[in-house]
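A.B. asks: So that you have it, the file is my_file.csv, and it contains CSV, C-alpha atoms and all ligand atoms:
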chain,number,residue,atom,x,y,z
F,1395,MET,CA,6.9,18.6,9.6
F,1396,ARG,CA,6.0,15.8,12.1
F,1397,VAL,CA,6.3,12.3,10.6
F,1398,PHE,CA,5.2,9.0,12.1
F,1399,VAL,CA,7.0,6.0,10.6
F,1400,THR,CA,5.6,2.5,11.2
F,1401,GLY,CA,8.3,-0.2,10.6
F,1402,GLY,CA,11.0,2.5,10.9
F,1403,ALA,CA,13.5,0.1,12.5
F,1404,GLY,CA,13.4,-2.2,9.5
F,1405,PHE,CA,15.5,-2.3,6.4
F,1406,ILE,CA,13.8,0.2,4.2
F,1407,GLY,CA,12.2,2.1,7.1
F,1408,SER,CA,15.5,2.9,8.7
F,1409,HIS,CA,16.9,4.3,5.5
F,1410,LEU,CA,13.7,6.4,5.1
F,1411,VAL,CA,14.2,7.6,8.7
F,1412,ASP,CA,17.8,8.7,7.9
F,1413,ALA,CA,16.5,10.7,4.9
F,1414,LEU,CA,13.6,12.3,7.0
F,1415,MET,CA,16.1,13.2,9.8
F,1416,GLY,CA,18.4,14.7,7.1
F,1417,LYS,CA,15.5,17.0,6.1
F,1418,GLY,CA,15.2,18.2,9.7
F,1419,TYR,CA,11.8,16.7,10.3
F,1420,VAL,CA,10.4,15.6,13.7
F,1421,VAL,CA,10.4,11.8,13.3
F,1422,THR,CA,8.7,9.1,15.5
F,1423,VAL,CA,9.4,5.4,14.7
F,1424,TYR,CA,6.7,2.9,15.8
F,1425,ASP,CA,8.0,-0.6,15.5
F,1426,ASN,CA,7.5,-3.9,17.3
F,1427,LEU,CA,11.1,-5.0,16.4
F,1428,SER,CA,9.7,-8.3,15.0
F,1429,SER,CA,12.1,-8.1,12.1
F,1430,GLY,CA,13.5,-4.5,12.7
F,1431,ARG,CA,16.7,-3.9,14.6
F,1432,MET,CA,17.5,-1.2,17.1
F,1433,ASP,CA,21.1,-0.9,15.7
F,1434,PHE,CA,19.6,0.4,12.4
F,1435,ILE,CA,18.2,3.5,14.2
F,1436,GLU,CA,20.4,3.8,17.3
F,1437,HIS,CA,22.4,6.7,15.7
F,1438,HIS,CA,19.3,8.9,16.1
F,1439,ILE,CA,18.5,8.0,19.7
F,1440,GLY,CA,18.9,11.0,22.0
F,1441,LYS,CA,18.4,13.5,19.2
F,1442,LYS,CA,15.8,16.2,20.0
F,1443,ASN,CA,13.6,15.6,16.9
F,1444,PHE,CA,13.6,11.8,17.1
F,1445,SER,CA,11.6,9.3,19.2
F,1446,PHE,CA,11.2,5.5,19.2
F,1447,ILE,CA,8.2,3.6,20.4
F,1448,GLU,CA,8.5,-0.1,20.7
F,1449,ALA,CA,4.9,-1.3,20.1
F,1450,ASP,CA,2.7,-3.3,17.8
F,1451,LEU,CA,0.2,-2.0,15.3
F,1452,LEU,CA,-2.2,-4.7,16.5
F,1453,ASP,CA,-2.3,-2.8,19.8
F,1454,GLN,CA,-4.9,-0.2,18.9
F,1455,LYS,CA,-5.0,1.3,22.4
F,1456,LYS,CA,-1.2,2.0,22.3
F,1457,LEU,CA,-1.6,3.4,18.8
F,1458,ARG,CA,-4.3,5.8,20.0
F,1459,GLU,CA,-2.0,7.1,22.8
F,1460,CYS,CA,0.9,7.7,20.4
F,1461,LEU,CA,-0.6,9.0,17.1
F,1462,GLU,CA,-1.4,12.6,17.9
F,1463,GLY,CA,-0.5,15.7,16.0
F,1464,TYR,CA,1.3,14.2,13.0
F,1465,ASP,CA,1.3,15.7,9.5
F,1466,VAL,CA,1.9,12.4,7.7
F,1467,VAL,CA,2.3,8.7,8.4
F,1468,PHE,CA,4.7,6.5,6.4
F,1469,HIS,CA,3.3,3.0,6.8
F,1470,LEU,CA,6.1,0.4,6.2
F,1471,ALA,CA,5.4,-2.1,9.0
F,1472,ALA,CA,4.6,-5.5,7.6
F,1473,ASN,CA,6.1,-9.0,7.6
F,1474,PRO,CA,8.0,-8.7,4.3
F,1475,ASP,CA,8.8,-12.5,3.9
F,1476,VAL,CA,6.7,-13.6,0.9
F,1477,ARG,CA,7.8,-17.2,1.3
F,1478,LEU,CA,6.5,-17.3,4.9
F,1479,GLY,CA,2.9,-17.1,3.6
F,1480,VAL,CA,3.2,-20.8,2.5
F,1481,GLU,CA,3.6,-22.0,6.1
F,1482,LYS,CA,2.0,-19.2,8.0
F,1483,PRO,CA,-0.8,-17.5,6.0
F,1484,ASP,CA,-2.1,-15.7,9.1
F,1485,VAL,CA,0.8,-13.2,8.8
F,1486,ALA,CA,-1.1,-11.7,5.9
F,1487,LYS,CA,-4.2,-11.4,8.1
F,1488,GLN,CA,-2.2,-9.6,10.8
F,1489,ASP,CA,-0.7,-7.1,8.2
F,1490,ILE,CA,-4.3,-6.3,7.0
F,1491,ILE,CA,-5.5,-5.8,10.5
F,1492,ALA,CA,-2.4,-3.6,11.3
F,1493,THR,CA,-3.2,-1.4,8.3
F,1494,TYR,CA,-6.9,-1.2,9.3
F,1495,ASN,CA,-5.9,-0.2,12.9
F,1496,LEU,CA,-3.6,2.4,11.7
F,1497,LEU,CA,-6.1,4.0,9.3
F,1498,ASP,CA,-8.8,3.9,11.9
F,1499,VAL,CA,-6.6,5.7,14.5
F,1500,MET,CA,-5.6,8.2,11.8
F,1501,ARG,CA,-9.3,8.9,11.2
F,1502,LEU,CA,-9.9,9.3,15.0
F,1503,LYS,CA,-6.9,11.6,15.4
F,1504,ASN,CA,-7.5,13.6,12.2
F,1505,VAL,CA,-4.1,12.6,10.6
F,1506,LYS,CA,-4.9,13.1,7.0
F,1507,ARG,CA,-2.0,11.8,4.9
F,1508,ILE,CA,-0.6,8.3,4.5
F,1509,VAL,CA,2.3,6.9,2.4
F,1510,PHE,CA,2.0,3.2,2.0
F,1511,SER,CA,4.6,0.6,0.9
F,1512,SER,CA,2.9,-1.8,-1.4
F,1513,SER,CA,4.5,-4.4,-3.7
F,1514,SER,CA,4.8,-5.7,-7.2
F,1515,THR,CA,3.2,-8.9,-5.8
F,1516,VAL,CA,-0.3,-7.3,-6.1
F,1517,TYR,CA,-0.1,-7.9,-9.9
F,1518,GLY,CA,0.2,-11.7,-9.5
F,1519,GLU,CA,1.4,-13.6,-12.6
F,1520,ALA,CA,0.2,-11.0,-15.1
F,1521,PRO,CA,0.8,-11.8,-18.8
F,1522,LEU,CA,1.7,-8.2,-19.7
F,1523,MET,CA,5.3,-6.9,-19.3
F,1524,PRO,CA,6.4,-4.3,-18.3
F,1525,LEU,CA,3.4,-3.7,-16.0
F,1526,PRO,CA,1.8,-0.3,-15.7
F,1527,GLU,CA,-0.1,0.9,-12.6
F,1528,ASP,CA,-3.5,0.6,-14.4
F,1529,TYR,CA,-3.2,-3.1,-15.2
F,1530,GLY,CA,-6.1,-5.2,-14.1
F,1531,PRO,CA,-7.6,-7.4,-12.8
F,1532,LEU,CA,-5.2,-7.7,-9.9
F,1533,LEU,CA,-5.0,-11.3,-8.9
F,1534,PRO,CA,-2.1,-11.9,-6.5
F,1535,ILE,CA,-0.7,-15.5,-6.2
F,1536,SER,CA,0.8,-15.1,-2.7
F,1537,VAL,CA,-1.0,-14.3,0.5
F,1538,TYR,CA,1.6,-11.5,1.0
F,1539,GLY,CA,0.5,-10.0,-2.3
F,1540,ALA,CA,-3.2,-10.4,-1.3
F,1541,ALA,CA,-2.5,-8.6,2.0
F,1542,LYS,CA,-0.9,-5.7,0.1
F,1543,LEU,CA,-3.8,-5.5,-2.3
F,1544,ALA,CA,-6.3,-5.6,0.6
F,1545,SER,CA,-4.3,-2.8,2.3
F,1546,GLU,CA,-4.3,-0.7,-0.8
F,1547,GLY,CA,-8.1,-1.1,-0.9
F,1548,LEU,CA,-8.4,0.0,2.7
F,1549,VAL,CA,-6.1,3.0,2.1
F,1550,SER,CA,-8.2,4.0,-0.9
F,1551,SER,CA,-11.5,3.6,0.9
F,1552,PHE,CA,-10.4,5.6,3.9
F,1553,CYS,CA,-9.3,8.4,1.6
F,1554,HIS,CA,-12.7,8.6,-0.1
F,1555,THR,CA,-14.7,8.1,3.0
F,1556,PHE,CA,-12.8,10.3,5.4
F,1557,ASP,CA,-11.2,12.9,3.1
F,1558,MET,CA,-7.7,11.6,3.5
F,1559,GLN,CA,-4.8,11.7,0.9
F,1560,ALA,CA,-2.5,8.8,0.0
F,1561,TRP,CA,0.7,7.9,-1.8
F,1562,ILE,CA,0.8,4.2,-2.6
F,1563,PHE,CA,4.2,2.9,-3.9
F,1564,ARG,CA,4.4,-0.6,-5.4
F,1565,PHE,CA,8.1,-1.5,-4.8
F,1566,ALA,CA,10.1,-3.9,-6.9
F,1567,ASN,CA,12.6,-6.1,-4.9
F,1568,VAL,CA,14.5,-3.6,-2.8
F,1569,VAL,CA,18.1,-4.4,-2.0
F,1570,GLY,CA,21.0,-2.8,-0.2
F,1571,LEU,CA,22.7,-2.1,3.1
F,1572,ARG,CA,20.7,-3.5,6.2
F,1573,CYS,CA,18.7,-5.9,4.0
F,1574,THR,CA,17.8,-8.9,6.2
F,1575,HIS,CA,16.0,-11.1,3.8
F,1576,GLY,CA,15.8,-12.0,0.1
F,1577,VAL,CA,17.9,-13.7,-2.6
F,1578,ILE,CA,21.2,-11.9,-2.1
F,1579,PHE,CA,21.0,-12.3,1.7
F,1580,ASP,CA,20.2,-16.0,1.3
F,1581,PHE,CA,23.0,-16.7,-1.3
F,1582,ILE,CA,25.7,-15.0,0.9
F,1583,ASN,CA,24.6,-16.9,4.0
F,1584,LYS,CA,24.5,-20.2,2.1
F,1585,LEU,CA,28.0,-19.6,0.6
F,1586,ARG,CA,29.5,-18.6,3.9
F,1587,LYS,CA,28.3,-22.0,5.3
F,1588,ASN,CA,29.4,-24.0,2.3
F,1589,PRO,CA,31.6,-22.2,-0.3
F,1590,LYS,CA,31.6,-25.2,-2.6
F,1591,GLU,CA,27.9,-25.5,-3.4
F,1592,LEU,CA,25.0,-23.1,-3.7
F,1593,GLU,CA,21.4,-24.2,-3.5
F,1594,ILE,CA,19.2,-22.2,-5.9
F,1595,LEU,CA,15.4,-22.3,-5.4
F,1596,GLY,CA,13.6,-23.1,-8.7
F,1597,ASP,CA,15.5,-23.3,-12.0
F,1598,GLY,CA,17.5,-20.1,-11.5
F,1599,ARG,CA,15.8,-18.5,-14.5
F,1600,GLN,CA,13.5,-16.3,-12.5
F,1601,ARG,CA,14.0,-12.7,-13.7
F,1602,LYS,CA,12.9,-9.7,-11.7
F,1603,SER,CA,13.6,-6.0,-11.3
F,1604,TYR,CA,15.8,-5.0,-8.3
F,1605,LEU,CA,15.8,-1.5,-6.8
F,1606,TYR,CA,18.6,-0.1,-4.7
F,1607,VAL,CA,17.4,1.1,-1.3
F,1608,SER,CA,18.5,4.7,-1.6
F,1609,ASP,CA,16.5,4.9,-4.9
F,1610,CYS,CA,13.5,3.5,-3.2
F,1611,VAL,CA,13.6,6.1,-0.4
F,1612,ASP,CA,14.4,8.9,-2.9
F,1613,GLY,CA,11.5,7.9,-5.2
F,1614,MET,CA,9.1,7.6,-2.3
F,1615,LEU,CA,9.9,11.1,-1.0
F,1616,PHE,CA,9.9,12.5,-4.5
F,1617,GLY,CA,6.4,11.1,-5.2
F,1618,PHE,CA,5.2,12.3,-1.9
F,1619,GLU,CA,6.5,15.8,-2.4
F,1620,ASN,CA,5.4,16.2,-6.0
F,1621,ALA,CA,2.2,14.2,-6.7
F,1622,LYS,CA,-0.9,16.1,-5.7
F,1623,ASP,CA,-3.9,13.8,-6.4
F,1624,GLN,CA,-6.0,12.4,-3.6
F,1625,ILE,CA,-4.7,8.9,-4.3
F,1626,ASN,CA,-1.3,8.8,-5.9
F,1627,LEU,CA,-0.3,5.3,-7.1
F,1628,PHE,CA,3.2,4.6,-8.5
F,1629,ASN,CA,5.3,1.6,-9.4
F,1630,LEU,CA,8.7,2.1,-7.9
F,1631,GLY,CA,11.4,0.1,-9.7
F,1632,SER,CA,14.5,0.3,-11.7
F,1633,ASP,CA,15.3,-0.1,-15.4
F,1634,GLY,CA,15.9,-3.7,-16.5
F,1635,ALA,CA,15.7,-7.0,-14.7
F,1636,THR,CA,18.2,-9.5,-13.3
F,1637,GLU,CA,18.1,-13.3,-13.6
F,1638,VAL,CA,18.6,-15.4,-10.4
F,1639,ASN,CA,21.5,-17.3,-12.1
F,1640,ARG,CA,23.2,-13.9,-12.8
F,1641,ILE,CA,22.8,-12.9,-9.1
F,1642,ALA,CA,24.4,-16.2,-8.1
F,1643,GLU,CA,27.3,-15.6,-10.4
F,1644,MET,CA,27.7,-12.0,-9.1
F,1645,VAL,CA,27.7,-13.2,-5.5
F,1646,VAL,CA,30.3,-15.9,-6.2
F,1647,ASP,CA,32.4,-13.3,-8.1
F,1648,GLU,CA,32.2,-10.7,-5.3
F,1649,MET,CA,33.0,-13.3,-2.6
F,1650,LYS,CA,36.0,-14.3,-4.8
F,1651,LEU,CA,35.1,-18.0,-4.8
F,1652,GLY,CA,36.0,-20.4,-7.5
F,1653,ASP,CA,34.4,-23.7,-8.5
F,1654,VAL,CA,31.0,-23.3,-6.9
F,1655,ARG,CA,28.5,-26.0,-7.9
F,1656,PHE,CA,24.9,-24.6,-8.4
F,1657,LYS,CA,22.3,-27.1,-7.2
F,1658,TYR,CA,18.7,-26.3,-8.3
F,1659,THR,CA,15.6,-27.3,-6.4
F,1660,GLY,CA,13.8,-27.3,-9.8
F,1661,GLY,CA,10.6,-25.9,-11.2
F,1662,LYS,CA,10.0,-22.4,-12.7
F,1663,ARG,CA,9.4,-20.7,-9.3
F,1664,GLY,CA,11.4,-20.6,-6.1
F,1665,TRP,CA,8.4,-21.4,-3.9
F,1666,LYS,CA,4.6,-21.4,-4.1
F,1667,GLY,CA,3.5,-17.8,-4.7
F,1668,ASP,CA,6.8,-16.8,-6.3
F,1669,VAL,CA,6.2,-14.8,-9.5
F,1670,PRO,CA,9.1,-16.0,-11.7
F,1671,ARG,CA,9.3,-13.1,-14.1
F,1672,PHE,CA,8.2,-9.5,-13.7
F,1673,GLN,CA,9.2,-6.1,-14.9
F,1674,PHE,CA,7.5,-2.8,-14.0
F,1675,ASP,CA,6.6,0.1,-16.2
F,1676,ILE,CA,8.0,3.0,-14.3
F,1677,SER,CA,7.1,5.7,-16.8
F,1678,LYS,CA,4.5,7.3,-14.6
F,1679,ILE,CA,7.0,8.3,-11.9
F,1680,LYS,CA,9.5,9.2,-14.5
F,1681,LYS,CA,7.0,11.6,-16.1
F,1682,LEU,CA,6.7,13.3,-12.7
F,1683,GLY,CA,10.4,14.0,-12.9
F,1684,TRP,CA,12.1,11.1,-11.0
F,1685,LYS,CA,14.4,8.4,-12.2
F,1686,PRO,CA,16.5,5.8,-10.3
F,1687,GLN,CA,20.2,6.2,-10.1
F,1688,TYR,CA,20.9,2.5,-10.5
F,1689,ASN,CA,19.6,-0.1,-13.0
F,1690,SER,CA,18.6,-3.6,-11.8
F,1691,ASP,CA,22.1,-5.2,-12.3
F,1692,GLU,CA,23.9,-2.2,-10.7
F,1693,ALA,CA,21.5,-2.4,-7.7
F,1694,VAL,CA,22.2,-6.1,-7.3
F,1695,ARG,CA,26.0,-5.6,-7.5
F,1696,LYS,CA,26.0,-2.7,-5.1
F,1697,ALA,CA,23.8,-4.6,-2.6
F,1698,ILE,CA,26.1,-7.6,-2.7
F,1699,ARG,CA,29.1,-5.4,-1.9
F,1700,ASP,CA,27.1,-3.7,0.9
F,1701,LEU,CA,26.1,-7.0,2.5
F,1702,LEU,CA,29.6,-8.4,2.3
F,1703,GLN,CA,30.9,-5.4,4.2
F,1704,GLU,CA,28.2,-5.7,6.8
F,1705,GLU,CA,28.1,-8.3,9.5
F,1706,ILE,CA,24.9,-10.3,8.5
F,1801,LIG,P1,11.6,-5.2,7.3
F,1801,LIG,O1,11.1,-6.5,7.9
F,1801,LIG,O2,13.0,-4.9,7.4
F,1801,LIG,O3,10.7,-4.0,7.9
F,1801,LIG,C1,9.4,-4.1,8.4
F,1801,LIG,C2,9.4,-3.5,9.8
F,1801,LIG,O4,8.0,-3.5,10.3
F,1801,LIG,C3,10.3,-4.2,10.8
F,1801,LIG,O5,11.1,-3.2,11.5
F,1801,LIG,C4,9.3,-4.9,11.8
F,1801,LIG,O6,9.8,-5.0,13.1
F,1801,LIG,C5,8.1,-3.9,11.7
F,1801,LIG,N1,6.8,-4.5,12.0
F,1801,LIG,C6,6.2,-5.6,11.4
F,1801,LIG,N2,5.0,-5.8,11.9
F,1801,LIG,C7,4.7,-4.9,12.8
F,1801,LIG,C8,3.6,-4.6,13.6
F,1801,LIG,N3,2.5,-5.3,13.6
F,1801,LIG,N4,3.7,-3.5,14.4
F,1801,LIG,C9,4.8,-2.7,14.4
F,1801,LIG,N5,5.9,-2.9,13.7
F,1801,LIG,C10,5.8,-4.0,12.8
F,1801,LIG,O7,11.1,-5.1,5.8
F,1801,LIG,P2,11.4,-4.1,4.6
F,1801,LIG,O8,12.0,-5.0,3.5
F,1801,LIG,O9,12.1,-2.9,5.1
F,1801,LIG,O10,10.0,-3.8,4.1
F,1801,LIG,C11,9.4,-2.5,4.5
F,1801,LIG,C12,8.0,-2.5,3.8
F,1801,LIG,O11,8.2,-2.5,2.4
F,1801,LIG,C13,7.1,-3.7,4.1
F,1801,LIG,O12,5.8,-3.2,4.2
F,1801,LIG,C14,7.3,-4.6,2.9
F,1801,LIG,O13,6.1,-5.4,2.8
F,1801,LIG,C15,7.4,-3.5,1.8
F,1801,LIG,N6,8.1,-4.1,0.7
F,1801,LIG,C16,9.4,-4.5,0.7
F,1801,LIG,C17,10.0,-5.0,-0.4
F,1801,LIG,C18,11.5,-5.4,-0.3
F,1801,LIG,O14,12.0,-5.9,-1.3
F,1801,LIG,N7,12.2,-5.4,0.8
F,1801,LIG,C19,9.4,-5.1,-1.6
F,1801,LIG,C20,8.0,-4.6,-1.7
F,1801,LIG,C21,7.4,-4.1,-0.5
Output the structure of this file as structure tokens.

C.D. replies:
Amino acid sequence: MRVFVTGGAGFIGSHLVDALMGKGYVVTVYDNLSSGRMDFIEHHIGKKNFSFIEADLLDQKKLRECLEGYDVVFHLAANPDVRLGVEKPDVAKQDIIATYNLLDVMRLKNVKRIVFSSSSTVYGEAPLMPLPEDYGPLLPISVYGAAKLASEGLVSSFCHTFDMQAWIFRFANVVGLRCTHGVIFDFINKLRKNPKELEILGDGRQRKSYLYVSDCVDGMLFGFENAKDQINLFNLGSDGATEVNRIAEMVVDEMKLGDVRFKYTGGKRGWKGDVPRFQFDISKIKKLGWKPQYNSDEAVRKAIRDLLQEEI
């Protein structure tokens, strides 16, 4: 199988590439390295079935030159920083255009299958918990979530208009080795700078579901290989949820620090657009036969250990 991976040099993308290479597929990574890193994929450079293209999805001409003869596209390229949308809402616009460009070139080149990395943020601040895939109306509260929802709409419309097939995965917070953003990454960096005090955004009571990166990749591949509808939509999360205060305690514990003062910026959310509490209903993918190896607390603990061993 010939697989094209946008964002394949990023955190989740590079783990996906490792798994696809492990299956013996021919893999091409298309990434502009805006947040991705060459060292995440360099162990594949030089292999016969691997190629890397440093380019932007906004460059449609380049994309047309590269996207030929693939069986499936895994579309992970996006700016994943939800907080950035407060200062730079145009990143959402770029992510939507990137998705449109990709789908349009797929149409032109007759590439029929797309796997898209969406997010729990499409649900906004929904009153229901845990959230099933068919919950609506979807009213995101961050521009990042809005861009993901718009991209889901584009994927769906291209499937219906141009006979394509899609697998859309709404990820929970994904954590683990090579993670370059998010709460665990922030806490470790802050405590390395000042081991006496930790600034926590919001009131620390935000409670979300965390998914370990190997579970994320495994779930995505399982869904892709086993779900056969024209549009296959799944929540991809873990069991349980973890409070931010608990994450702070776990980081302090794993870093073997004593007497750390927690300083809160206050308010129920970490930033504008932050959904303070959410939990997925993952029974749909479980019914298909998949379940995560780690629950939310285990995923957090394992990711802290990973990042402490890694130079971040
Ligand atoms: P990441 O930043 O590590 O990976 C994104 C990759 O896309 C990077 O390598 C970056 O260089 C590349 N990229 C960005 N814009 C591009 C463009 N215009 N053209 C080409 N390449 C481009 O982020 P990640 O955490 O690995 O996220 C992967 C995907 O999963 C993203 O779509 C993200 O929105 C989604 N997602 C992530 C999480 C999470 O918790 N990490 C949760 C929900 C959804």

A.B. asks: Could you give me, as a PDB file with C-alpha atoms, in the coordinates of the input, every polymer residue with an atom at most 7 Å away from an atom of ligand LIG 1801 (chain F), counting only C-alpha atoms and all ligand atoms?

C.D. replies:
ATOM      1  CA  THR F1400       5.600   2.500  11.200  1.00  0.00           C
ATOM      2  CA  GLY F1401       8.300  -0.200  10.600  1.00  0.00           C
ATOM      3  CA  GLY F1402      11.000   2.500  10.900  1.00  0.00           C
ATOM      4  CA  ALA F1403      13.500   0.100  12.500  1.00  0.00           C
ATOM      5  CA  GLY F1404      13.400  -2.200   9.500  1.00  0.00           C
ATOM      6  CA  PHE F1405      15.500  -2.300   6.400  1.00  0.00           C
ATOM      7  CA  ILE F1406      13.800   0.200   4.200  1.00  0.00           C
ATOM      8  CA  GLY F1407      12.200   2.100   7.100  1.00  0.00           C
ATOM      9  CA  TYR F1424       6.700   2.900  15.800  1.00  0.00           C
ATOM     10  CA  ASP F1425       8.000  -0.600  15.500  1.00  0.00           C
ATOM     11  CA  ASN F1426       7.500  -3.900  17.300  1.00  0.00           C
ATOM     12  CA  LEU F1427      11.100  -5.000  16.400  1.00  0.00           C
ATOM     13  CA  SER F1428       9.700  -8.300  15.000  1.00  0.00           C
ATOM     14  CA  SER F1429      12.100  -8.100  12.100  1.00  0.00           C
ATOM     15  CA  GLY F1430      13.500  -4.500  12.700  1.00  0.00           C
ATOM     16  CA  ARG F1431      16.700  -3.900  14.600  1.00  0.00           C
ATOM     17  CA  ALA F1449       4.900  -1.300  20.100  1.00  0.00           C
ATOM     18  CA  ASP F1450       2.700  -3.300  17.800  1.00  0.00           C
ATOM     19  CA  LEU F1451       0.200  -2.000  15.300  1.00  0.00           C
ATOM     20  CA  LEU F1452      -2.200  -4.700  16.500  1.00  0.00           C
ATOM     21  CA  LEU F1470       6.100   0.400   6.200  1.00  0.00           C
ATOM     22  CA  ALA F1471       5.400  -2.100   9.000  1.00  0.00           C
ATOM     23  CA  ALA F1472       4.600  -5.500   7.600  1.00  0.00           C
ATOM     24  CA  ASN F1473       6.100  -9.000   7.600  1.00  0.00           C
ATOM     25  CA  PRO F1474       8.000  -8.700   4.300  1.00  0.00           C
ATOM     26  CA  GLN F1488      -2.200  -9.600  10.800  1.00  0.00           C
ATOM     27  CA  ASP F1489      -0.700  -7.100   8.200  1.00  0.00           C
ATOM     28  CA  ALA F1492      -2.400  -3.600  11.300  1.00  0.00           C
ATOM     29  CA  SER F1511       4.600   0.600   0.900  1.00  0.00           C
ATOM     30  CA  SER F1512       2.900  -1.800  -1.400  1.00  0.00           C
ATOM     31  CA  SER F1513       4.500  -4.400  -3.700  1.00  0.00           C
ATOM     32  CA  SER F1514       4.800  -5.700  -7.200  1.00  0.00           C
ATOM     33  CA  ARG F1564       4.400  -0.600  -5.400  1.00  0.00           C
ATOM     34  CA  PHE F1565       8.100  -1.500  -4.800  1.00  0.00           C
ATOM     35  CA  ALA F1566      10.100  -3.900  -6.900  1.00  0.00           C
ATOM     36  CA  ASN F1567      12.600  -6.100  -4.900  1.00  0.00           C
ATOM     37  CA  VAL F1568      14.500  -3.600  -2.800  1.00  0.00           C
ATOM     38  CA  VAL F1569      18.100  -4.400  -2.000  1.00  0.00           C
ATOM     39  CA  CYS F1573      18.700  -5.900   4.000  1.00  0.00           C
ATOM     40  CA  THR F1574      17.800  -8.900   6.200  1.00  0.00           C
TER      41      THR F1574
END

A.B. asks: For F:Met1558, list every protein, DNA or RNA residue within 8 Å, evaluated using only C-alpha atoms, and leave out those in the same chain fewer than 5 positions away; present the list as a list in words.

C.D. replies: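 The neighbour list is Lys1506, Arg1507, Ile1508, Phe1552, Cys1553 and Gln1624 of chain F.
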
A.B. asks: If you keep C-alpha atoms, can you produce a file of those selected residues as a PDB file, in the coordinates of the input?

C.D. replies:
ATOM      1  CA  LYS F1506      -4.900  13.100   7.000  1.00  0.00           C
ATOM      2  CA  ARG F1507      -2.000  11.800   4.900  1.00  0.00           C
ATOM      3  CA  ILE F1508      -0.600   8.300   4.500  1.00  0.00           C
ATOM      4  CA  PHE F1552     -10.400   5.600   3.900  1.00  0.00           C
ATOM      5  CA  CYS F1553      -9.300   8.400   1.600  1.00  0.00           C
ATOM      6  CA  GLN F1624      -6.000  12.400  -3.600  1.00  0.00           C
TER       7      GLN F1624
END

A.B. asks: Please produce, as a Markdown table, a per-residue contact table for stretch 1495-1555 of chain F versus stretch 1672-1681 of chain F (criterion: any atom at most 10 Å away, all atoms listed in the file considered), showing the nearest atom pair and its distance in Å to one decimal, sorted by chain then residue number.

C.D. replies:
| residue | atom | partner | partner_atom | distance |
| --- | --- | --- | --- | --- |
| F:Ser1514 | CA | F:Phe1674 | CA | 7.9 |
| F:Thr1515 | CA | F:Phe1672 | CA | 9.4 |
| F:Tyr1517 | CA | F:Phe1672 | CA | 9.3 |
| F:Gly1518 | CA | F:Phe1672 | CA | 9.3 |
| F:Glu1519 | CA | F:Phe1672 | CA | 8.0 |
| F:Ala1520 | CA | F:Phe1672 | CA | 8.3 |
| F:Pro1521 | CA | F:Phe1672 | CA | 9.3 |
| F:Leu1522 | CA | F:Phe1672 | CA | 8.9 |
| F:Met1523 | CA | F:Gln1673 | CA | 5.9 |
| F:Pro1524 | CA | F:Phe1674 | CA | 4.7 |
| F:Leu1525 | CA | F:Phe1674 | CA | 4.6 |
| F:Pro1526 | CA | F:Asp1675 | CA | 4.8 |
| F:Glu1527 | CA | F:Asp1675 | CA | 7.6 |

A.B. asks: Please write the residues from the selection above to a file, keeping C-alpha atoms, as a compact mmCIF listing (two decimals), in the frame of the given file.

C.D. replies:
# COMPACT_ATOMS: atom_id res chain seq x y z
CA SER F 1514 4.80 -5.70 -7.20
CA THR F 1515 3.20 -8.90 -5.80
CA TYR F 1517 -0.10 -7.90 -9.90
CA GLY F 1518 0.20 -11.70 -9.50
CA GLU F 1519 1.40 -13.60 -12.60
CA ALA F 1520 0.20 -11.00 -15.10
CA PRO F 1521 0.80 -11.80 -18.80
CA LEU F 1522 1.70 -8.20 -19.70
CA MET F 1523 5.30 -6.90 -19.30
CA PRO F 1524 6.40 -4.30 -18.30
CA LEU F 1525 3.40 -3.70 -16.00
CA PRO F 1526 1.80 -0.30 -15.70
CA GLU F 1527 -0.10 0.90 -12.60

A.B. asks: Between atom CA of F:Arg1501 and atom CA of F:Asn1626, what is the distance, to one decimal in Å?

C.D. replies: 18.9 Å

A.B. asks: Taking all atoms listed in the file into account, name the residue in F:Tyr1419, F:Phe1581, F:Tyr1688, F:Phe1434 that is nearest to F:Arg1640.

C.D. replies: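 Result for the nearest residue to F:Arg1640: F:Phe1581.
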